[in-house]
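S.K.: The structure file coords-v7.cif (mmCIF, C-alpha atoms and all ligand atoms) is provided below.
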data_work
loop_
_atom_site.label_atom_id
_atom_site.label_comp_id
_atom_site.auth_asym_id
_atom_site.auth_seq_id
_atom_site.Cartn_x
_atom_site.Cartn_y
_atom_site.Cartn_z
CA MET A 1 91.14 337.40 48.78
CA THR A 2 91.25 340.92 47.41
CA ARG A 3 94.83 342.08 47.99
CA CYS A 4 98.31 340.73 47.26
CA ARG A 5 100.00 339.72 50.51
CA LEU A 6 103.36 341.00 49.31
CA CYS A 7 102.65 344.35 47.61
CA ASP A 8 99.03 345.03 48.66
CA SER A 9 97.92 345.39 45.03
CA GLN A 10 94.37 344.41 44.06
CA ALA A 11 95.52 343.23 40.62
CA LEU A 12 95.14 339.49 41.23
CA GLU A 13 94.40 337.30 38.21
CA SER A 14 93.22 333.68 38.28
CA VAL A 15 95.84 331.10 37.25
CA VAL A 16 94.00 327.88 38.10
CA ASP A 17 90.98 327.05 40.25
CA LEU A 18 91.27 323.52 41.67
CA GLY A 19 87.95 323.53 43.49
CA ALA A 20 87.74 322.86 47.22
CA THR A 21 89.98 320.31 48.96
CA PRO A 22 90.60 319.21 52.56
CA PRO A 23 94.00 319.88 54.18
CA CYS A 24 96.31 317.49 52.34
CA GLU A 25 97.86 315.89 55.42
CA SER A 26 94.53 315.19 57.18
CA PHE A 27 94.49 311.42 56.60
CA LEU A 28 91.31 309.91 58.03
CA ALA A 29 91.06 307.10 60.56
CA ALA A 30 88.31 304.53 59.97
CA ASP A 31 86.11 306.01 62.68
CA GLN A 32 86.20 309.42 60.95
CA LEU A 33 84.64 308.15 57.72
CA ASP A 34 81.11 308.92 58.92
CA GLN A 35 82.07 312.41 60.08
CA PRO A 36 81.82 315.60 57.99
CA GLU A 37 85.09 316.70 56.42
CA PRO A 38 85.77 320.40 55.78
CA ALA A 39 87.09 321.45 52.36
CA TYR A 40 88.70 324.77 51.48
CA PRO A 41 88.85 326.57 48.12
CA LEU A 42 92.18 326.04 46.34
CA HIS A 43 92.45 328.84 43.82
CA LEU A 44 95.85 330.02 42.60
CA ARG A 45 96.07 333.64 41.53
CA VAL A 46 99.00 335.79 40.46
CA CYS A 47 99.57 339.45 41.31
CA THR A 48 100.25 341.32 38.09
CA ASP A 49 102.19 344.01 39.98
CA CYS A 50 104.81 341.90 41.82
CA TRP A 51 104.11 338.47 40.15
CA LEU A 52 103.77 336.59 43.43
CA ALA A 53 101.48 333.59 42.83
CA GLN A 54 99.34 332.90 45.89
CA ILE A 55 96.36 331.07 47.36
CA PRO A 56 94.07 332.43 50.09
CA PRO A 57 95.46 331.74 53.59
CA LEU A 58 92.49 329.69 54.83
CA ILE A 59 94.34 327.27 57.10
CA THR A 60 96.85 328.92 59.41
CA PRO A 61 100.32 327.44 60.01
CA GLU A 62 99.42 327.31 63.71
CA GLU A 63 96.69 324.77 62.86
CA THR A 64 99.01 322.69 60.67
CA PHE A 65 102.35 322.81 62.40
CA THR A 66 101.87 322.92 66.16
CA GLN A 67 101.77 319.12 66.26
CA TYR A 68 103.30 317.80 63.06
CA ALA A 69 103.78 314.25 61.83
CA TYR A 70 106.64 314.87 59.42
CA PHE A 71 110.17 314.10 60.63
CA SER A 72 112.81 315.05 58.05
CA SER A 73 115.31 312.50 59.36
CA TYR A 74 113.06 309.66 58.05
CA SER A 75 114.07 310.58 54.52
CA THR A 76 117.59 309.35 53.77
CA SER A 77 117.88 311.38 50.58
CA TRP A 78 116.87 314.55 52.45
CA VAL A 79 119.44 313.97 55.23
CA GLU A 80 122.12 313.49 52.56
CA HIS A 81 120.98 316.69 50.79
CA ALA A 82 121.37 318.56 54.12
CA ARG A 83 124.81 317.07 54.79
CA THR A 84 126.09 318.19 51.38
CA PHE A 85 124.62 321.66 51.91
CA VAL A 86 126.35 322.03 55.31
CA THR A 87 129.71 320.85 53.94
CA ASP A 88 129.51 323.37 51.08
CA ALA A 89 128.24 326.25 53.24
CA VAL A 90 130.92 325.74 55.90
CA GLN A 91 133.56 325.96 53.20
CA ARG A 92 131.95 328.76 51.20
CA LEU A 93 131.37 331.03 54.22
CA ASP A 94 134.40 329.87 56.23
CA LEU A 95 132.20 328.88 59.19
CA ALA A 96 134.68 326.45 60.75
CA SER A 97 137.38 329.02 61.53
CA LYS A 98 137.95 329.19 65.29
CA GLU A 99 138.56 332.98 65.36
CA LYS A 100 135.20 333.55 63.74
CA ASP A 101 133.15 331.62 66.36
CA ALA A 102 130.42 331.34 63.73
CA PHE A 103 126.74 331.06 64.62
CA VAL A 104 124.15 329.41 62.37
CA VAL A 105 120.36 329.56 62.77
CA GLU A 106 117.94 327.34 60.90
CA VAL A 107 114.28 328.37 60.69
CA ALA A 108 111.81 325.46 60.55
CA SER A 109 114.66 323.22 61.65
CA ASN A 110 112.35 320.20 62.03
CA ASP A 111 114.03 317.36 63.99
CA GLY A 112 117.56 318.76 63.58
CA TYR A 113 118.26 316.78 60.36
CA LEU A 114 120.48 319.66 59.09
CA LEU A 115 121.85 321.32 62.23
CA LYS A 116 123.15 318.03 63.62
CA HIS A 117 125.88 318.24 60.96
CA LEU A 118 126.94 321.58 62.52
CA VAL A 119 126.74 320.15 66.05
CA ASP A 120 129.09 317.36 64.87
CA ARG A 121 131.56 320.02 63.69
CA GLU A 122 131.23 321.97 66.96
CA ILE A 123 129.85 325.05 65.19
CA ARG A 124 127.38 327.05 67.32
CA CYS A 125 123.82 326.73 66.09
CA LEU A 126 120.17 327.12 67.02
CA GLY A 127 117.01 325.73 65.45
CA ILE A 128 113.70 327.62 65.47
CA GLU A 129 110.89 325.10 65.05
CA PRO A 130 107.16 325.64 65.70
CA SER A 131 106.13 322.00 66.17
CA VAL A 132 106.39 321.07 69.83
CA ASN A 133 106.85 317.34 69.24
CA VAL A 134 109.32 317.68 66.35
CA GLY A 135 111.41 320.31 68.20
CA ALA A 136 111.55 318.02 71.24
CA ALA A 137 113.01 315.27 69.05
CA ALA A 138 115.72 317.70 67.90
CA ARG A 139 116.66 318.62 71.48
CA ASP A 140 116.80 314.91 72.37
CA ALA A 141 119.28 314.50 69.51
CA GLY A 142 121.48 317.27 70.96
CA VAL A 143 120.44 320.10 68.61
CA PRO A 144 119.57 323.33 70.53
CA THR A 145 116.05 324.23 69.42
CA LEU A 146 113.63 327.02 70.29
CA THR A 147 109.90 326.29 69.92
CA ALA A 148 108.54 329.31 68.03
CA PHE A 149 107.28 330.71 64.74
CA LEU A 150 109.65 333.26 63.21
CA ASP A 151 108.49 336.87 63.21
CA PRO A 152 110.42 340.12 63.75
CA ALA A 153 110.07 339.88 67.56
CA THR A 154 111.36 336.28 67.70
CA GLY A 155 114.24 337.23 65.40
CA ALA A 156 115.20 340.19 67.59
CA ALA A 157 114.97 338.13 70.80
CA VAL A 158 117.25 335.40 69.41
CA ARG A 159 119.75 338.02 68.22
CA ALA A 160 119.73 339.69 71.68
CA GLU A 161 120.36 336.38 73.45
CA HIS A 162 122.78 334.60 71.08
CA GLY A 163 124.19 337.37 68.89
CA PRO A 164 123.70 337.85 65.14
CA ALA A 165 123.90 334.80 62.85
CA ASP A 166 126.60 334.44 60.21
CA LEU A 167 124.23 332.19 58.28
CA VAL A 168 120.46 331.81 58.48
CA VAL A 169 119.01 328.78 56.69
CA ALA A 170 115.33 328.53 55.75
CA ASN A 171 114.59 325.41 53.70
CA ASN A 172 111.08 324.44 52.60
CA VAL A 173 109.40 327.07 54.73
CA TYR A 174 109.28 330.24 52.59
CA ALA A 175 106.11 329.00 50.87
CA HIS A 176 104.53 327.88 54.15
CA ILE A 177 104.11 331.27 55.84
CA PRO A 178 101.21 333.58 54.96
CA ASP A 179 102.95 336.64 56.47
CA VAL A 180 105.81 336.69 53.98
CA VAL A 181 106.83 340.26 54.89
CA GLY A 182 106.93 339.62 58.66
CA PHE A 183 108.85 336.37 58.14
CA THR A 184 111.42 338.11 55.92
CA GLN A 185 111.84 340.87 58.50
CA GLY A 186 112.43 338.08 61.03
CA LEU A 187 115.22 336.67 58.84
CA ARG A 188 116.79 340.13 58.64
CA ALA A 189 116.58 340.47 62.44
CA LEU A 190 118.49 337.18 62.86
CA VAL A 191 121.25 337.66 60.32
CA ALA A 192 124.46 339.61 61.02
CA ASP A 193 124.85 342.88 59.12
CA ASP A 194 127.54 341.17 56.99
CA GLY A 195 125.92 337.71 57.11
CA TRP A 196 124.13 335.41 54.68
CA VAL A 197 120.64 333.97 54.31
CA SER A 198 120.07 330.74 52.36
CA ILE A 199 116.53 329.78 51.35
CA GLU A 200 115.29 326.73 49.45
CA VAL A 201 111.82 326.89 47.96
CA GLN A 202 109.92 325.35 45.05
CA HIS A 203 110.39 327.16 41.72
CA LEU A 204 107.24 328.41 39.99
CA LEU A 205 109.02 328.13 36.63
CA THR A 206 109.15 324.31 36.79
CA LEU A 207 105.71 324.13 38.41
CA ILE A 208 104.22 325.89 35.37
CA LYS A 209 106.41 324.27 32.69
CA GLU A 210 106.03 320.71 34.00
CA ASN A 211 102.31 320.88 34.92
CA GLN A 212 103.15 320.23 38.60
CA TYR A 213 99.80 321.56 39.72
CA ASP A 214 99.44 318.95 42.48
CA THR A 215 102.17 320.79 44.42
CA ILE A 216 99.56 323.50 44.98
CA TYR A 217 97.96 322.79 48.35
CA HIS A 218 96.83 324.56 51.48
CA GLU A 219 100.21 324.39 53.25
CA HIS A 220 101.84 326.36 50.39
CA PHE A 221 100.56 329.92 50.48
CA GLN A 222 102.79 331.31 47.72
CA TYR A 223 104.87 330.13 44.74
CA TYR A 224 108.01 332.00 43.73
CA THR A 225 109.88 332.95 40.66
CA VAL A 226 113.32 334.42 41.27
CA ALA A 227 111.77 337.73 40.24
CA SER A 228 109.00 337.62 42.88
CA ALA A 229 111.37 336.17 45.51
CA THR A 230 113.63 339.18 44.95
CA ARG A 231 110.66 341.44 45.77
CA ALA A 232 109.78 339.34 48.83
CA LEU A 233 113.34 339.48 50.16
CA ALA A 234 113.49 343.23 49.63
CA SER A 235 110.37 343.65 51.78
CA GLY A 236 112.50 342.68 54.79
CA GLY A 237 115.73 344.46 53.82
CA LEU A 238 117.47 341.54 52.07
CA THR A 239 118.98 341.49 48.58
CA LEU A 240 119.37 338.41 46.38
CA VAL A 241 122.99 337.86 45.31
CA ASP A 242 123.02 334.30 43.97
CA VAL A 243 120.65 331.51 43.01
CA GLU A 244 121.09 327.78 42.39
CA LEU A 245 118.62 325.54 40.54
CA LEU A 246 118.01 322.27 42.42
CA PRO A 247 116.13 319.11 41.35
CA THR A 248 114.36 318.70 44.73
CA HIS A 249 110.54 318.69 44.79
CA GLY A 250 110.45 318.59 40.99
CA GLY A 251 112.42 321.86 40.75
CA SER A 252 113.54 324.23 43.50
CA ILE A 253 115.62 327.35 43.85
CA ARG A 254 118.26 328.02 46.50
CA LEU A 255 118.39 331.76 47.09
CA TRP A 256 121.47 333.37 48.64
CA ALA A 257 120.67 336.79 50.09
CA ARG A 258 122.43 339.38 52.24
CA PRO A 259 121.41 342.53 54.09
CA THR A 260 120.83 345.14 51.41
CA GLU A 261 123.51 347.48 52.85
CA VAL A 262 126.31 344.97 52.11
CA ALA A 263 124.87 342.97 49.22
CA GLY A 264 126.02 345.05 46.26
CA GLU A 265 125.09 343.94 42.76
CA PRO A 266 125.24 340.26 41.79
CA ALA A 267 128.12 340.68 39.39
CA PRO A 268 131.56 339.14 38.80
CA GLY A 269 134.03 340.29 41.44
CA VAL A 270 131.77 340.30 44.51
CA SER A 271 131.54 336.54 44.96
CA PRO A 272 131.73 335.19 48.49
CA ALA A 273 134.81 333.31 49.65
CA GLY A 274 135.06 329.97 47.90
CA ALA A 275 132.34 330.51 45.29
CA GLU A 276 133.10 329.48 41.74
CA PRO A 277 133.34 332.55 39.49
CA ALA A 278 130.86 330.79 37.18
CA ALA A 279 128.21 331.10 39.90
CA TRP A 280 128.05 334.83 39.38
CA GLY A 281 125.58 335.82 36.77
CA ARG A 282 123.27 332.95 37.68
CA VAL A 283 120.63 335.37 38.96
CA ALA A 284 120.52 337.08 35.56
CA ASP A 285 120.41 333.68 33.79
CA VAL A 286 117.41 332.44 35.78
CA LEU A 287 115.60 335.77 35.46
CA ALA A 288 116.10 335.51 31.69
CA GLN A 289 114.62 331.97 31.70
CA GLU A 290 111.60 333.19 33.64
CA LYS A 291 111.14 336.12 31.28
CA ALA A 292 111.40 333.81 28.26
CA ALA A 293 108.67 331.63 29.80
CA GLY A 294 106.44 334.70 29.98
CA LEU A 295 106.27 334.75 33.78
CA GLN A 296 106.63 338.52 34.04
CA GLU A 297 103.48 339.06 32.02
CA LEU A 298 100.09 337.37 32.10
CA SER A 299 100.79 335.30 28.96
CA GLY A 300 102.98 332.83 30.90
CA TYR A 301 100.08 331.93 33.19
CA THR A 302 97.05 331.87 30.91
CA GLU A 303 97.66 328.44 29.30
CA PHE A 304 98.26 326.66 32.60
CA SER A 305 94.63 326.08 33.49
CA ALA A 306 93.95 324.34 30.15
CA ARG A 307 97.01 322.09 30.59
CA VAL A 308 95.83 321.15 34.10
CA ALA A 309 92.46 320.18 32.63
CA THR A 310 94.25 317.96 30.10
CA VAL A 311 96.17 316.15 32.86
CA ARG A 312 92.85 315.49 34.61
CA ARG A 313 91.02 314.25 31.51
CA ASP A 314 93.90 312.01 30.40
CA LEU A 315 94.18 310.39 33.83
CA LEU A 316 90.43 309.89 34.20
CA ARG A 317 90.15 308.47 30.67
CA PHE A 318 92.91 305.97 31.43
CA LEU A 319 91.35 304.92 34.76
CA ILE A 320 87.84 304.57 33.31
CA GLU A 321 89.04 302.57 30.30
CA ALA A 322 91.13 300.29 32.52
CA ALA A 323 88.11 299.70 34.78
CA GLU A 324 85.93 298.89 31.76
CA ARG A 325 88.53 296.40 30.47
CA GLY A 326 88.43 294.74 33.91
CA GLU A 327 92.04 295.67 34.65
CA THR A 328 93.19 296.57 38.17
CA VAL A 329 94.87 299.86 39.12
CA VAL A 330 96.32 300.64 42.54
CA GLY A 331 98.34 303.60 43.77
CA TYR A 332 101.88 303.93 45.07
CA GLY A 333 102.51 306.58 47.75
CA ALA A 334 100.21 308.84 49.74
CA PRO A 335 102.08 312.16 49.59
CA GLY A 336 100.33 315.44 50.36
CA LYS A 337 100.41 316.43 46.69
CA GLY A 338 98.67 313.19 45.75
CA ASN A 339 95.63 314.51 47.56
CA THR A 340 95.43 317.61 45.38
CA LEU A 341 95.51 315.37 42.30
CA LEU A 342 93.00 312.80 43.62
CA ASN A 343 90.56 315.46 44.82
CA HIS A 344 90.83 317.62 41.72
CA CYS A 345 90.30 314.60 39.47
CA GLY A 346 87.55 313.16 41.68
CA ILE A 347 89.21 309.73 41.90
CA ARG A 348 87.62 307.30 44.37
CA PRO A 349 88.07 303.60 45.19
CA ASP A 350 86.00 302.50 42.17
CA LEU A 351 88.85 303.77 39.97
CA LEU A 352 91.79 303.34 42.35
CA ALA A 353 91.15 300.46 44.76
CA TYR A 354 93.82 301.52 47.25
CA THR A 355 97.23 303.12 47.52
CA VAL A 356 100.26 302.01 49.54
CA ASP A 357 102.79 304.00 51.55
CA ARG A 358 106.00 303.28 53.47
CA ASN A 359 104.93 305.43 56.43
CA PRO A 360 103.26 303.12 58.99
CA TYR A 361 101.30 306.11 60.41
CA LYS A 362 99.21 306.12 57.25
CA HIS A 363 98.40 302.38 57.18
CA GLY A 364 94.71 301.73 57.84
CA ARG A 365 93.92 305.37 57.17
CA PHE A 366 92.20 306.93 54.18
CA THR A 367 93.14 309.77 51.82
CA PRO A 368 91.43 313.06 52.75
CA GLY A 369 88.41 313.90 50.63
CA THR A 370 88.65 310.89 48.31
CA ARG A 371 88.75 308.24 51.09
CA ILE A 372 90.99 305.78 49.30
CA PRO A 373 92.42 303.14 51.72
CA ILE A 374 96.19 303.29 52.43
CA LEU A 375 97.89 299.92 52.88
CA PRO A 376 101.47 298.70 53.44
CA PRO A 377 103.63 298.42 50.26
CA GLU A 378 103.68 294.58 50.40
CA GLN A 379 100.07 294.58 49.20
CA ILE A 380 101.19 295.28 45.62
CA ALA A 381 103.22 292.07 45.31
CA ALA A 382 100.35 290.12 46.92
CA ASP A 383 97.69 291.43 44.52
CA LYS A 384 99.72 291.75 41.27
CA PRO A 385 97.70 294.65 39.80
CA ASP A 386 97.85 295.46 36.08
CA TYR A 387 98.88 299.08 36.76
CA VAL A 388 100.48 301.04 39.60
CA LEU A 389 99.69 304.79 39.55
CA VAL A 390 102.72 306.57 41.05
CA LEU A 391 101.69 309.65 43.05
CA PRO A 392 105.18 310.92 44.10
CA TRP A 393 106.17 311.43 40.43
CA ASN A 394 109.11 313.61 41.54
CA LEU A 395 110.92 310.40 42.62
CA ARG A 396 110.44 308.86 39.16
CA ALA A 397 113.96 307.48 38.54
CA GLU A 398 114.18 306.01 42.03
CA LEU A 399 110.71 304.45 41.89
CA VAL A 400 111.05 302.96 38.40
CA GLU A 401 113.91 300.98 39.91
CA GLN A 402 112.24 300.22 43.27
CA LEU A 403 108.99 299.06 41.64
CA SER A 404 110.63 297.05 38.83
CA PHE A 405 109.31 293.86 40.52
CA VAL A 406 105.88 294.49 38.94
CA HIS A 407 107.47 293.36 35.65
CA ALA A 408 107.29 289.76 36.97
CA TRP A 409 103.54 289.63 36.25
CA GLY A 410 103.48 292.13 33.38
CA GLY A 411 102.44 295.07 35.58
CA ARG A 412 103.12 298.60 34.38
CA LEU A 413 103.71 301.94 36.09
CA VAL A 414 101.62 305.02 35.35
CA PHE A 415 102.89 308.57 35.90
CA PRO A 416 100.21 311.29 35.73
CA ILE A 417 102.54 314.33 35.57
CA PRO A 418 103.89 316.20 33.58
CA GLU A 419 101.61 314.23 31.26
CA LEU A 420 100.15 310.74 31.44
CA SER A 421 102.78 308.13 30.66
CA ILE A 422 102.61 304.36 30.98
CA VAL A 423 105.99 302.79 31.67
CA GLU A 424 106.90 299.20 31.06
CA VAL A 425 109.57 298.50 33.68
CA LYS A 426 112.53 296.23 33.00
CA PRO A 427 113.57 293.73 35.67
ZN ZN B 501 101.76 341.83 44.52
#
Taking this structure as input, can you express it in the form of structure tokens?

M.R.:
Amino acid sequence: MTRCRLCDSQALESVVDLGATPPCESFLAADQLDQPEPAYPLHLRVCTDCWLAQIPPLITPEETFTQYAYFSSYSTSWVEHARTFVTDAVQRLDLASKEKDAFVVEVASNDGYLLKHLVDREIRCLGIEPSVNVGAAARDAGVPTLTAFLDPATGAAVRAEHGPADLVVANNVYAHIPDVVGFTQGLRALVADDGWVSIEVQHLLTLIKENQYDTIYHEHFQYYTVASATRALASGGLTLVDVELLPTHGGSIRLWARPTEVAGEPAPGVSPAGAEPAAWGRVADVLAQEKAAGLQELSGYTEFSARVATVRRDLLRFLIEAAERGETVVGYGAPGKGNTLLNHCGIRPDLLAYTVDRNPYKHGRFTPGTRIPILPPEQIAADKPDYVLVLPWNLRAELVEQLSFVHAWGGRLVFPIPELSIVEVKP
């Protein structure tokens, strides 16, 4: 990679080099264990002109998303998150008013987990979803869904057929598209000239501060601060007017943007209908936090690589010492990010006998690259291991409660990030 995909600058500086890893969702079946397994370099760099952090686009979204195994509706907390968002957005933007005949588009609408709440309220909506199988599930559930990737042509075609959208939602997709400029132009093509765009994406500020380096993987092409997201939005003719900090995925931002012609300055007095006056000024607050963390100069990025190395050494030291004491360690969860951690640390079944997951698709399969067996969750209670290494650390509070049964035999939980911690759970 020689040029920044947002501003075309050649001023790309290394943030962290995680070696080469396989695609993080390519779980192996038993009969694939004797086959070669491709691995791709995972090297995060930051552009010192626009401050977009990025990895090389080695695996295209077409390869990952045309047939996809992830259905958002399986996650109860995610469905609830979407329901709350819809309730708030309908009120904030007055989408339920009959005179308005509002139209909402969601990009990467998955199985309709969010839009079904608009269908229930009889508000016109359309999903744009690239995965054939996931989009079919949405249509079966009564959510109108177009099978496509968003680009300027798709955006213009949808606008010509259905009219401009009062609200365009793009959650957990803005990191997943290598053509960030074309995608943003697509959003602008969809949204009405006085409409709104709402985007949720992981926040680079928490990624850096909390050592969340395992959230770097091949499906995520870029990592945003509010400052770099502002630049990205501007590349398609959108202006950021508000931002919310969310706890999802270890720390996310919800960006509210409008066509530049109507956006004005994010200042008191131009708040949308229903917004709390306190919301205004949040953009400046978050920009100030990012600046204080040094993310608009190289200094904010230079320590990260050393902290990542510490996470790796601490985890390996713990696993090796446990193995030498004859203690057993198994994993909990097989999330995509777990595979960045396991591959970067070089952890194999001699140090982590197996991991468990609630998704039956993964049972009997093996983690990509590290080939650790994935079993059903009941295996933990059957084997009573000394330690359970929790890979989805972002669900810490929930899992400390759910896994409290390990206390019965004196088992303890281990969280690798933000730094190694061993937790004695209470019954
Ligand atoms: Zn750049």

S.K.: Tell me, counting only C-alpha atoms and all ligand atoms, for each residue of chain A within 8 Å of ligand ZN 501 (chain B), which pair of atoms is nearest and how far apart they are in Å to one decimal, in rows ordered by chain and increasing number, as a tab-separated table.

M.R.:
residue	atom	partner	partner_atom	distance
A:Arg3	CA	B:ZN501	ZN	7.8
A:Cys4	CA	B:ZN501	ZN	4.5
A:Arg5	CA	B:ZN501	ZN	6.6
A:Leu6	CA	B:ZN501	ZN	5.1
A:Cys7	CA	B:ZN501	ZN	4.1
A:Asp8	CA	B:ZN501	ZN	5.9
A:Ser9	CA	B:ZN501	ZN	5.3
A:Gln10	CA	B:ZN501	ZN	7.8
A:Ala11	CA	B:ZN501	ZN	7.5
A:Leu12	CA	B:ZN501	ZN	7.8
A:Val46	CA	B:ZN501	ZN	7.8
A:Cys47	CA	B:ZN501	ZN	4.6
A:Thr48	CA	B:ZN501	ZN	6.6
A:Asp49	CA	B:ZN501	ZN	5.1
A:Cys50	CA	B:ZN501	ZN	4.1
A:Trp51	CA	B:ZN501	ZN	6.0
A:Leu52	CA	B:ZN501	ZN	5.7

S.K.: How close does region 103-175 of chain A get to region 248-257 of chain A? List, as CSV, each residue of region 103-175 of chain A within 10 Å, its nearest atom pair and the distance in Å to one decimal, counting all atoms listed in the file.

M.R.:
residue,atom,partner,partner_atom,distance
A:Val168,CA,A:Ala257,CA,9.8
A:Val169,CA,A:Trp256,CA,9.6
A:Ala170,CA,A:Arg254,CA,9.7
A:Asn171,CA,A:Arg254,CA,8.5
A:Asn172,CA,A:Ser252,CA,9.4

S.K.: State, in Å with one decimal place, the distance from CA of Leu233 (chain A) to CA of Gly195 (chain A).

M.R.: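 Taking CA of Leu233 (chain A) and CA of Gly195 (chain A), their separation equals 14.5 Å.
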
S.K.: Using all atoms listed in the file, which residue out of A:Thr154, A:Val107, A:Leu413, A:Asp101 lies closest to Gly135 (chain A)?

M.R.: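 Nearest to Gly135 (chain A): A:Val107.
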
S.K.: List the neighbours of Ile380 (chain A) out to 10 Å using all atoms listed in the file; skip same-chain residues closer than 4 positions along the sequence, and give me the result as a PyMOL selection string.

M.R.: chain A and resi 330-332+354-356+375-376+384-385+387-388+403+405-406

S.K.: I want to know what sits within 10 Å of Leu58 (chain A), based on only C-alpha atoms, with residues of the same chain fewer than 4 positions away left out; could you give that as a list in words?

M.R.: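 Within the cut-off, the hits are Met1, Pro23, Tyr40, Pro41, Leu42, Pro178, His218, Glu219 and Phe221 of chain A.
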
S.K.: Given only C-alpha atoms as the basis, pick out the residue of A:Glu200, A:Glu244, A:Asp151, A:Glu303 nearest to Ala175 (chain A).

M.R.: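 Comparing A:Glu200, A:Glu244, A:Asp151, A:Glu303 against Ala175 (chain A), the winner is A:Glu200.
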
S.K.: For a test of reading the model, state the distance in Å between CA of Ala408 (chain A) and CA of Leu315 (chain A), rounded to one decimal.

M.R.: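 Taking CA of Ala408 (chain A) as the start and CA of Leu315 (chain A) as the end point, the length is 24.6 Å.
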
S.K.: Per residue of region 194-276 of chain A within 12 Å of region 155-164 of chain A, what are the shortest atom pair and its distance in Å to one decimal, counting only C-alpha atoms, with rows by chain and residue number, as CSV?

M.R.:
residue,atom,partner,partner_atom,distance
A:Asp194,CA,A:Pro164,CA,9.6
A:Gly195,CA,A:Pro164,CA,8.3
A:Trp196,CA,A:Pro164,CA,10.7
A:Val197,CA,A:Pro164,CA,11.9

S.K.: Find, counting all atoms listed in the file, the residue in A:Ala323, A:Val191, A:Ala382, A:Val181 that gets nearest to Ala234 (chain A).

M.R.: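 Looking at the shortest contact to Ala234 (chain A), the residue is A:Val181.
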
S.K.: Of the candidates A:Thr302, A:Gln222, A:Ser26, A:Gln32, which shows the shortest atom-to-atom distance to Ile55 (chain A), using only C-alpha atoms?

M.R.: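 Counting only C-alpha atoms, the residue closest to Ile55 (chain A) is A:Gln222.
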